[in-house]
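See below for the structure under consideration.
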Amino acid sequence: MDIDKDIKFGPHTLRIRKQKGGFAGIIVGQSSSPEIAATAEQVRDLLIKRCGEQAPDFVGLAGARARFLKLFPNGFLDAKFIGDGKFEGERAYKLLASEQLRNVLPLSSVANAADEGLIALRAMQKTNLLDPFTKAKLGEVLRGQRASEFIRLVADFAEGEIDDSCASLNRHFQNEGVNTWVCLTYFPFLWKPESHMFLKPEFTRTFAERIGHRFQFDYETRPNPKTYASLLHLTDTVRAALSDMQPKDNIDIHSFMWATVEYLDSDVGL
């Protein structure tokens with residue numbers, strides 16, 4: 001980490017300098033006391049946290065948790081959260097789509113599968129995670145001659161080839177209009193909900209802003225490894241904060257984030 005140069009972080013500038021016994025840092029232009037720690041990286045992280053807490057809608061993880069438990073008093077075990085017939089809920093239909101995709105198009109068989117585009121298309125139609133415009137664009141690809149290429153690209157992403165998959169999507173699928181985060185992360189999320197996260201940019205950035213996470217500043221429109229790493233850090237941060245509620249996988253984490261940002265009291269009959 002270069003401490004001789006100021007660090008741009010969203011609209012902020014961070015300045016970190018070595019001092020006797022450690023490091024100190026400030027947000028340039030602000031009069032608050034400096035952050036002090038043993039390493040420059042620790043100071044940077046403290047300053048980033050301070051930047052996040054300055055957002056107008058900041059509530060912190062404690063506030064997000066309180067909101068979620070108001071909506072779903074029994075947490076991730078709440079029938080309204082899972083889906084109980086009267087309420088569609090957040091978990092049941094996503095879990096069903098995940099199970100169906102893994103049964104009919106296992107990640108391990110993608111390279112040798114036939115009609116994988118049409119199989120993936122049917123799985124896509126099981127959820128409302130994609131907006132109609134994205135469904136139409138992605139549907140064209142999954143019905144077309146390049147379906148296998150696309151499915152194998154997102155399968156590589158699911159298997160951890162993040163850098164190459166982002167680059168290939170931007171290079172080869174820009175004209176089709178599917179070089180987006182939602183198209184890239186949808187199937188990996190269903191294949192491996194224990195390790196991948198589905199990225200819907202607008203609400204995720206709003207959630208990050210409300211809890212003060214750096215993702216709000218790390219986000220870039222074109223798929224790239226840095227943004228996805230920040231998303232996974234956000235996911236891990238939320239999971240750690242909710243560990244006592246025992247989230248089962250990233251379906252629960254994604255649903256927690258979505259509910260705290262998008263749900264109204266009336267959505268669950270409050």
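Each chain in the structure tokens gets a letter, A, B, ..., in the order shown, and its residues are numbered from 1; ligands are numbered from 1 in order too.
Residues surrounding segment 69-80 of chain A within 8 Å are Arg65, Ala66, Gly83, Asp84, Phe87, Glu88, Gly89, Met245, Gln246, Pro247, Asp252, Asp265, Val268 and Leu270 of chain A [only C-alpha atoms; sequence separation below 3 positions excluded].
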Output the selection as a PDB file, in the first residue's frame - N, CA, C and O atoms for each residue.
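Once everything was written out, this is part.pdb:
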ATOM      1  N   ARG A  65     -30.829  -5.232  10.594  1.00  0.00           N
ATOM      2  CA  ARG A  65     -31.298  -6.418  11.316  1.00  0.00           C
ATOM      3  C   ARG A  65     -32.633  -6.142  12.009  1.00  0.00           C
ATOM      4  O   ARG A  65     -33.559  -6.960  11.963  1.00  0.00           O
ATOM      5  N   ALA A  66     -32.730  -4.988  12.668  1.00  0.00           N
ATOM      6  CA  ALA A  66     -33.979  -4.637  13.350  1.00  0.00           C
ATOM      7  C   ALA A  66     -35.132  -4.555  12.355  1.00  0.00           C
ATOM      8  O   ALA A  66     -36.256  -4.993  12.652  1.00  0.00           O
ATOM      9  N   GLY A  83     -41.959 -18.639   2.700  1.00  0.00           N
ATOM     10  CA  GLY A  83     -43.045 -18.777   1.736  1.00  0.00           C
ATOM     11  C   GLY A  83     -44.007 -19.822   2.259  1.00  0.00           C
ATOM     12  O   GLY A  83     -43.654 -21.000   2.380  1.00  0.00           O
ATOM     13  N   ASP A  84     -45.202 -19.380   2.624  1.00  0.00           N
ATOM     14  CA  ASP A  84     -46.132 -20.279   3.309  1.00  0.00           C
ATOM     15  C   ASP A  84     -47.458 -20.474   2.595  1.00  0.00           C
ATOM     16  O   ASP A  84     -48.433 -20.902   3.197  1.00  0.00           O
ATOM     17  N   PHE A  87     -48.137 -16.095   1.546  1.00  0.00           N
ATOM     18  CA  PHE A  87     -47.077 -15.177   1.149  1.00  0.00           C
ATOM     19  C   PHE A  87     -46.058 -15.924   0.303  1.00  0.00           C
ATOM     20  O   PHE A  87     -45.643 -17.022   0.659  1.00  0.00           O
ATOM     21  N   GLU A  88     -45.665 -15.332  -0.823  1.00  0.00           N
ATOM     22  CA  GLU A  88     -44.670 -15.974  -1.676  1.00  0.00           C
ATOM     23  C   GLU A  88     -43.348 -16.143  -0.954  1.00  0.00           C
ATOM     24  O   GLU A  88     -42.629 -17.120  -1.145  1.00  0.00           O
ATOM     25  N   GLY A  89     -43.049 -15.194  -0.072  1.00  0.00           N
ATOM     26  CA  GLY A  89     -41.808 -15.291   0.671  1.00  0.00           C
ATOM     27  C   GLY A  89     -40.593 -15.000  -0.189  1.00  0.00           C
ATOM     28  O   GLY A  89     -40.698 -14.563  -1.337  1.00  0.00           O
ATOM     29  N   MET A 245     -28.390 -15.960  13.813  1.00  0.00           N
ATOM     30  CA  MET A 245     -29.660 -16.285  13.161  1.00  0.00           C
ATOM     31  C   MET A 245     -29.521 -17.473  12.212  1.00  0.00           C
ATOM     32  O   MET A 245     -30.503 -17.928  11.643  1.00  0.00           O
ATOM     33  N   GLN A 246     -28.294 -17.939  12.020  1.00  0.00           N
ATOM     34  CA  GLN A 246     -27.977 -19.139  11.246  1.00  0.00           C
ATOM     35  C   GLN A 246     -28.520 -19.111   9.806  1.00  0.00           C
ATOM     36  O   GLN A 246     -29.319 -19.966   9.419  1.00  0.00           O
ATOM     37  N   PRO A 247     -28.084 -18.122   9.016  1.00  0.00           N
ATOM     38  CA  PRO A 247     -28.448 -18.145   7.588  1.00  0.00           C
ATOM     39  C   PRO A 247     -27.897 -19.404   6.939  1.00  0.00           C
ATOM     40  O   PRO A 247     -26.766 -19.810   7.211  1.00  0.00           O
ATOM     41  N   ASP A 252     -30.385 -16.858   1.698  1.00  0.00           N
ATOM     42  CA  ASP A 252     -30.845 -16.129   2.885  1.00  0.00           C
ATOM     43  C   ASP A 252     -30.210 -14.749   2.963  1.00  0.00           C
ATOM     44  O   ASP A 252     -30.893 -13.760   3.282  1.00  0.00           O
ATOM     45  N   ASP A 265     -44.009  -2.550   5.098  1.00  0.00           N
ATOM     46  CA  ASP A 265     -44.711  -3.297   6.150  1.00  0.00           C
ATOM     47  C   ASP A 265     -45.902  -4.056   5.561  1.00  0.00           C
ATOM     48  O   ASP A 265     -46.191  -5.186   5.948  1.00  0.00           O
ATOM     49  N   VAL A 268     -45.921  -7.801   4.183  1.00  0.00           N
ATOM     50  CA  VAL A 268     -46.064  -8.981   5.039  1.00  0.00           C
ATOM     51  C   VAL A 268     -47.213  -8.823   6.012  1.00  0.00           C
ATOM     52  O   VAL A 268     -47.282  -9.467   7.049  1.00  0.00           O
ATOM     53  N   LEU A 270     -48.171  -6.192   7.911  1.00  0.00           N
ATOM     54  CA  LEU A 270     -48.004  -5.419   9.153  1.00  0.00           C
ATOM     55  C   LEU A 270     -48.858  -4.163   9.123  1.00  0.00           C
ATOM     56  O   LEU A 270     -49.112  -3.605   8.052  1.00  0.00           O
TER      57      LEU A 270
END
message = Going by DSSP on the backbone, which residues of segment 33-231 of chain A come out as alpha helix (DSSP H)? List them as JSON, numbers by chain.
response = {"A": [40, 41, 42, 43, 44, 45, 46, 47, 48, 49, 50, 51, 52, 53, 60, 61, 62, 63, 64, 65, 66, 67, 68, 69, 70, 71, 79, 80, 81, 82, 92, 93, 94, 95, 96, 97, 98, 99, 100, 101, 102, 103, 104, 116, 117, 118, 119, 120, 121, 122, 123, 124, 132, 133, 134, 135, 136, 137, 138, 139, 140, 141, 142, 143, 147, 148, 149, 150, 151, 152, 153, 154, 155, 156, 157, 158, 162, 163, 164, 165, 166, 167, 168, 169, 170, 171, 172, 181, 182, 183, 184, 185, 186, 187, 188, 189, 190, 191, 201, 202, 203, 204, 205, 206, 207, 208, 209, 210, 211, 215, 216, 217, 218, 225, 226, 227, 228, 229, 230, 231]}
Shell around Ala229 of chain A at 12 Å using only C-alpha atoms, local window under 3 positions removed, as an MDAnalysis selection string:
chainID A and resid 160 162:163 195:197 199 214:215 218:220 223:226 232:236
Expressed in Å, the length from atom CA of Gly10 of chain A to atom CA of Leu129 of chain A is 28.3 Å
Worksheet item: So which residues touch Arg17 of chain A within 10 Å, counting only C-alpha atoms, skipping near sequence neighbours fewer than 4 positions away, as a PyMOL selection string?
Response: chain A and resi 2-6+22-26+36+40+43
- Item | Length of the atom CA of Tyr93 of chain A to atom CA of Lys126 of chain A vector [Å] |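 According to the coordinates, atom CA of Tyr93 of chain A and atom CA of Lys126 of chain A are separated by 7.6 Å.
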